[in-house]
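A.B. asks: What follows is input-v1.cif, made up of mmCIF, C-alpha atoms and all ligand atoms; chains and numbers go by the auth columns:
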data_my_file
loop_
_atom_site.group_PDB
_atom_site.id
_atom_site.type_symbol
_atom_site.label_atom_id
_atom_site.label_comp_id
_atom_site.label_asym_id
_atom_site.label_seq_id
_atom_site.Cartn_x
_atom_site.Cartn_y
_atom_site.Cartn_z
_atom_site.B_iso_or_equiv
_atom_site.auth_seq_id
_atom_site.auth_asym_id
ATOM 1 C CA MET A 1 -0.085 -9.351 -42.938 0.00 5 A
ATOM 2 C CA SER A 2 2.209 -11.740 -41.091 0.00 6 A
ATOM 3 C CA ASP A 3 0.237 -14.987 -41.440 0.00 7 A
ATOM 4 C CA CYS A 4 -0.840 -14.512 -45.045 0.00 8 A
ATOM 5 C CA LEU A 5 0.572 -16.928 -47.640 0.00 9 A
ATOM 6 C CA PHE A 6 0.579 -14.422 -50.497 0.00 10 A
ATOM 7 C CA CYS A 7 2.128 -11.664 -48.349 0.00 11 A
ATOM 8 C CA LYS A 8 4.947 -14.164 -47.680 0.00 12 A
ATOM 9 C CA ILE A 9 5.271 -14.915 -51.397 0.00 13 A
ATOM 10 C CA ILE A 10 5.486 -11.172 -52.113 0.00 14 A
ATOM 11 C CA THR A 11 8.338 -10.709 -49.628 0.00 15 A
ATOM 12 C CA GLY A 12 10.095 -13.877 -50.852 0.00 16 A
ATOM 13 C CA GLU A 13 9.748 -15.632 -47.491 0.00 17 A
ATOM 14 C CA ILE A 14 7.934 -18.357 -49.435 0.00 18 A
ATOM 15 C CA PRO A 15 9.421 -19.015 -52.892 0.00 19 A
ATOM 16 C CA SER A 16 7.381 -18.725 -56.068 0.00 20 A
ATOM 17 C CA LYS A 17 7.870 -18.687 -59.822 0.00 21 A
ATOM 18 C CA LYS A 18 7.730 -14.910 -60.189 0.00 22 A
ATOM 19 C CA ILE A 19 6.681 -13.429 -63.528 0.00 23 A
ATOM 20 C CA TYR A 20 6.568 -9.699 -62.753 0.00 24 A
ATOM 21 C CA GLU A 21 6.912 -7.250 -59.886 0.00 25 A
ATOM 22 C CA ASP A 22 6.677 -3.491 -59.437 0.00 26 A
ATOM 23 C CA GLU A 23 5.949 -1.201 -56.490 0.00 27 A
ATOM 24 C CA ASP A 24 2.251 -2.099 -56.446 0.00 28 A
ATOM 25 C CA VAL A 25 1.699 -5.571 -57.884 0.00 29 A
ATOM 26 C CA PHE A 26 3.286 -9.032 -57.972 0.00 30 A
ATOM 27 C CA ALA A 27 2.562 -11.831 -60.480 0.00 31 A
ATOM 28 C CA PHE A 28 3.546 -15.496 -60.197 0.00 32 A
ATOM 29 C CA TYR A 29 2.594 -18.919 -61.520 0.00 33 A
ATOM 30 C CA ASP A 30 -0.065 -20.888 -59.644 0.00 34 A
ATOM 31 C CA ILE A 31 1.397 -23.906 -57.832 0.00 35 A
ATOM 32 C CA ALA A 32 -1.490 -26.132 -58.996 0.00 36 A
ATOM 33 C CA PRO A 33 -2.210 -24.972 -62.550 0.00 37 A
ATOM 34 C CA GLN A 34 -5.717 -25.595 -63.882 0.00 38 A
ATOM 35 C CA ALA A 35 -4.732 -24.839 -67.489 0.00 39 A
ATOM 36 C CA PRO A 36 -1.528 -24.915 -69.559 0.00 40 A
ATOM 37 C CA ILE A 37 -1.014 -21.292 -68.457 0.00 41 A
ATOM 38 C CA HIS A 38 -2.227 -20.294 -64.981 0.00 42 A
ATOM 39 C CA PHE A 39 -0.818 -17.333 -63.112 0.00 43 A
ATOM 40 C CA LEU A 40 -1.955 -15.020 -60.322 0.00 44 A
ATOM 41 C CA VAL A 41 -1.703 -11.238 -59.991 0.00 45 A
ATOM 42 C CA VAL A 42 -1.863 -9.796 -56.469 0.00 46 A
ATOM 43 C CA PRO A 43 -1.554 -6.332 -54.954 0.00 47 A
ATOM 44 C CA LYS A 44 1.401 -5.876 -52.617 0.00 48 A
ATOM 45 C CA THR A 45 -0.928 -4.391 -50.041 0.00 49 A
ATOM 46 C CA HIS A 46 -3.001 -6.970 -48.152 0.00 50 A
ATOM 47 C CA ILE A 47 -6.671 -6.887 -49.176 0.00 51 A
ATOM 48 C CA ALA A 48 -8.603 -10.009 -48.169 0.00 52 A
ATOM 49 C CA HIS A 49 -11.133 -10.208 -51.029 0.00 53 A
ATOM 50 C CA VAL A 50 -13.264 -8.264 -53.493 0.00 54 A
ATOM 51 C CA MET A 51 -15.897 -7.422 -50.841 0.00 55 A
ATOM 52 C CA ASP A 52 -13.243 -5.502 -48.880 0.00 56 A
ATOM 53 C CA LEU A 53 -12.242 -3.175 -51.719 0.00 57 A
ATOM 54 C CA LYS A 54 -12.253 0.532 -50.942 0.00 58 A
ATOM 55 C CA GLU A 55 -12.773 3.391 -53.373 0.00 59 A
ATOM 56 C CA ASN A 56 -9.141 4.462 -53.029 0.00 60 A
ATOM 57 C CA GLN A 57 -8.097 1.015 -54.317 0.00 61 A
ATOM 58 C CA VAL A 58 -9.890 1.349 -57.661 0.00 62 A
ATOM 59 C CA GLU A 59 -6.726 2.446 -59.468 0.00 63 A
ATOM 60 C CA LEU A 60 -4.771 -0.436 -57.933 0.00 64 A
ATOM 61 C CA MET A 61 -7.334 -2.922 -59.255 0.00 65 A
ATOM 62 C CA GLY A 62 -7.033 -1.387 -62.715 0.00 66 A
ATOM 63 C CA LYS A 63 -3.288 -1.735 -62.488 0.00 67 A
ATOM 64 C CA MET A 64 -3.653 -5.422 -61.570 0.00 68 A
ATOM 65 C CA LEU A 65 -5.891 -6.030 -64.567 0.00 69 A
ATOM 66 C CA PHE A 66 -3.553 -4.189 -66.926 0.00 70 A
ATOM 67 C CA CYS A 67 -0.590 -6.153 -65.539 0.00 71 A
ATOM 68 C CA ALA A 68 -2.542 -9.378 -66.157 0.00 72 A
ATOM 69 C CA GLN A 69 -3.277 -8.273 -69.718 0.00 73 A
ATOM 70 C CA ASN A 70 0.390 -7.511 -70.416 0.00 74 A
ATOM 71 C CA ILE A 71 1.557 -10.866 -69.094 0.00 75 A
ATOM 72 C CA ALA A 72 -1.198 -12.719 -70.970 0.00 76 A
ATOM 73 C CA LYS A 73 -0.033 -11.049 -74.180 0.00 77 A
ATOM 74 C CA ASP A 74 3.616 -11.871 -73.415 0.00 78 A
ATOM 75 C CA LEU A 75 2.625 -15.505 -72.931 0.00 79 A
ATOM 76 C CA GLY A 76 0.887 -15.629 -76.323 0.00 80 A
ATOM 77 C CA LEU A 77 -2.749 -15.429 -75.201 0.00 81 A
ATOM 78 C CA GLU A 78 -3.735 -12.236 -77.045 0.00 82 A
ATOM 79 C CA ASN A 79 -5.497 -13.947 -79.946 0.00 83 A
ATOM 80 C CA SER A 80 -6.981 -16.966 -78.152 0.00 84 A
ATOM 81 C CA GLY A 81 -8.107 -15.037 -75.059 0.00 85 A
ATOM 82 C CA ALA A 82 -8.058 -16.243 -71.463 0.00 86 A
ATOM 83 C CA ARG A 83 -10.184 -16.595 -68.352 0.00 87 A
ATOM 84 C CA PHE A 84 -9.705 -13.765 -65.793 0.00 88 A
ATOM 85 C CA VAL A 85 -11.202 -14.733 -62.400 0.00 89 A
ATOM 86 C CA PHE A 86 -11.589 -13.413 -58.859 0.00 90 A
ATOM 87 C CA ASN A 87 -12.930 -15.996 -56.398 0.00 91 A
ATOM 88 C CA CYS A 88 -14.536 -14.155 -53.482 0.00 92 A
ATOM 89 C CA LYS A 89 -15.184 -15.785 -50.090 0.00 93 A
ATOM 90 C CA GLU A 90 -16.597 -19.215 -49.296 0.00 94 A
ATOM 91 C CA SER A 91 -19.264 -19.731 -51.933 0.00 95 A
ATOM 92 C CA ALA A 92 -16.793 -19.025 -54.725 0.00 96 A
ATOM 93 C CA GLY A 93 -14.219 -21.354 -53.190 0.00 97 A
ATOM 94 C CA GLN A 94 -11.647 -18.732 -52.192 0.00 98 A
ATOM 95 C CA THR A 95 -8.835 -20.515 -50.335 0.00 99 A
ATOM 96 C CA VAL A 96 -6.208 -17.781 -49.943 0.00 100 A
ATOM 97 C CA TRP A 97 -7.636 -14.642 -48.396 0.00 101 A
ATOM 98 C CA HIS A 98 -5.363 -12.130 -50.106 0.00 102 A
ATOM 99 C CA ILE A 99 -7.160 -10.821 -53.183 0.00 103 A
ATOM 100 C CA HIS A 100 -5.788 -12.353 -56.397 0.00 104 A
ATOM 101 C CA LEU A 101 -6.663 -12.319 -60.056 0.00 105 A
ATOM 102 C CA HIS A 102 -6.377 -15.741 -61.692 0.00 106 A
ATOM 103 C CA VAL A 103 -5.430 -15.777 -65.375 0.00 107 A
ATOM 104 C CA LEU A 104 -5.917 -19.098 -67.125 0.00 108 A
ATOM 105 C CA GLY A 105 -5.181 -19.789 -70.763 0.00 109 A
ATOM 106 C CA GLY A 106 -4.011 -22.278 -73.325 0.00 110 A
ATOM 107 C CA ARG A 107 -7.252 -24.254 -73.448 0.00 111 A
ATOM 108 C CA ASP A 108 -10.996 -23.662 -73.873 0.00 112 A
ATOM 109 C CA PHE A 109 -13.238 -23.059 -70.836 0.00 113 A
ATOM 110 C CA GLU A 110 -16.866 -23.866 -70.112 0.00 114 A
ATOM 111 C CA TRP A 111 -19.527 -21.270 -69.325 0.00 115 A
ATOM 112 C CA PRO A 112 -21.283 -21.259 -66.944 0.00 116 A
ATOM 113 C CA PRO A 113 -18.533 -22.540 -64.646 0.00 117 A
ATOM 114 C CA GLY A 114 -19.315 -25.581 -62.482 0.00 118 A
HETATM 115 P P1 LIG B . -8.380 -19.311 -54.677 0.00 201 A
HETATM 116 O O1 LIG B . -8.930 -20.692 -54.550 0.00 201 A
HETATM 117 O O2 LIG B . -8.220 -18.645 -53.324 0.00 201 A
HETATM 118 O O3 LIG B . -9.109 -18.447 -55.660 0.00 201 A
HETATM 119 O O4 LIG B . -6.940 -19.485 -55.313 0.00 201 A
HETATM 120 C C1 LIG B . -5.777 -19.688 -54.576 0.00 201 A
HETATM 121 C C2 LIG B . -4.767 -20.217 -55.540 0.00 201 A
HETATM 122 O O5 LIG B . -3.501 -20.162 -54.918 0.00 201 A
HETATM 123 C C3 LIG B . -5.001 -21.679 -55.957 0.00 201 A
HETATM 124 O O6 LIG B . -5.161 -21.759 -57.360 0.00 201 A
HETATM 125 C C4 LIG B . -3.752 -22.392 -55.453 0.00 201 A
HETATM 126 O O7 LIG B . -3.306 -23.406 -56.331 0.00 201 A
HETATM 127 C C5 LIG B . -2.745 -21.262 -55.327 0.00 201 A
HETATM 128 N N1 LIG B . -1.742 -21.495 -54.316 0.00 201 A
HETATM 129 C C6 LIG B . -1.950 -21.964 -53.054 0.00 201 A
HETATM 130 N N2 LIG B . -0.788 -22.038 -52.380 0.00 201 A
HETATM 131 C C7 LIG B . 0.170 -21.607 -53.243 0.00 201 A
HETATM 132 C C8 LIG B . 1.595 -21.467 -53.120 0.00 201 A
HETATM 133 O O8 LIG B . 2.209 -21.739 -52.098 0.00 201 A
HETATM 134 N N3 LIG B . 2.255 -21.001 -54.225 0.00 201 A
HETATM 135 C C9 LIG B . 1.599 -20.685 -55.394 0.00 201 A
HETATM 136 N N4 LIG B . 2.365 -20.252 -56.417 0.00 201 A
HETATM 137 N N5 LIG B . 0.272 -20.799 -55.528 0.00 201 A
HETATM 138 C C10 LIG B . -0.432 -21.268 -54.474 0.00 201 A
HETATM 139 ZN ZN ZN B . -1.722 -10.932 -47.660 0.00 202 A
#
I'd like the structure from this file rewritten - as C-alpha cells, please.
Ligand code: 5GP
Ligand code: ZN
C.D. replies:
Amino acid sequence: MSDCLFCKIITGEIPSKKIYEDEDVFAFYDIAPQAPIHFLVVPKTHIAHVMDLKENQVELMGKMLFCAQNIAKDLGLENSGARFVFNCKESAGQTVWHIHLHVLGGRDFEWPPG
C-alpha cells in the first residue's frame, strides 16, 4: 500500500533497525521503545488491523507469532517472558494501520493495562 508507513519500512524506502526478514514477515525495533526491548513483527502483505483478518491469513498470523517468539528468545527473554500485543483500531490506540505485533520485554508490566 503506497501511503503506508510500515509498507515503506518493509521495502526499505523508510529506514529501520531490521531484526529479521523472510518472504512473509519483517521484524524491526520500535522507534519509540516502551521497554528495554521493544520490537514489531509485521506481515509483508498489507493488512490494516486484526478486524480485517481473513481465514486464509491464519497461517501467516501463526508465522508472525512464531517469528516473535524466536526473536524474543534470541534477545534473552525466554525465561523472564514478554508482553505480546496487537492494538486494534481507535479504542486500543492503534496509530499505524498495518497490522503489527508488539513485543516488549526487559521489565515487568502491569495488568490490566491502563
Ligand atoms: P500502534 O500504536 O499502532 O500499536 O504502534 C505503532 C508503533 O509504531 C508505535 O509503537 C511507534 O513507536 C512505532 N513507529 C511509528 N513510526 C515508526 C517508524 O518510523 N519507525 C519505527 N521503527 N517504528 C515506528
Ligand atoms: Zn502497509
A.B. asks: What lies within 12 Å of A:Pro19 using only C-alpha atoms, ignoring chain neighbours under 3 positions off, as a list in words?
C.D. replies: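 Listing them by chain and then by number gives Leu9, Phe10, Cys11, Lys12, Ile13, Ile14, Thr15, Gly16, Lys22, Phe32, Tyr33, Asp34 and Ile35 of chain A.
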A.B. asks: Looking at A:Val100, A:Val46, A:Ala52, A:Val107, which one is nearest to ligand LIG 201 (chain A), with distances taken over only C-alpha atoms and all ligand atoms?
C.D. replies: A:Val100
A.B. asks: Residues up to 9 Å from ligand LIG 201 (chain A), counting only C-alpha atoms and all ligand atoms: could you list those as a PyMOL selection string?
C.D. replies: chain A and resi 9-10+13+18-22+32-38+42-44+89-93+96-106
A.B. asks: Neighbours of A:Val29 within 10 Å (all atoms listed in the file; same-chain residues fewer than 6 positions away dropped), as a ChimeraX atom specification?
C.D. replies: /A:14,45-49,64-65,67-68,71
A.B. asks: Please measure the separation of atom CA of A:Glu59 and atom CA of A:Pro117, giving the value in Å to one decimal.
C.D. replies: 28.9 Å
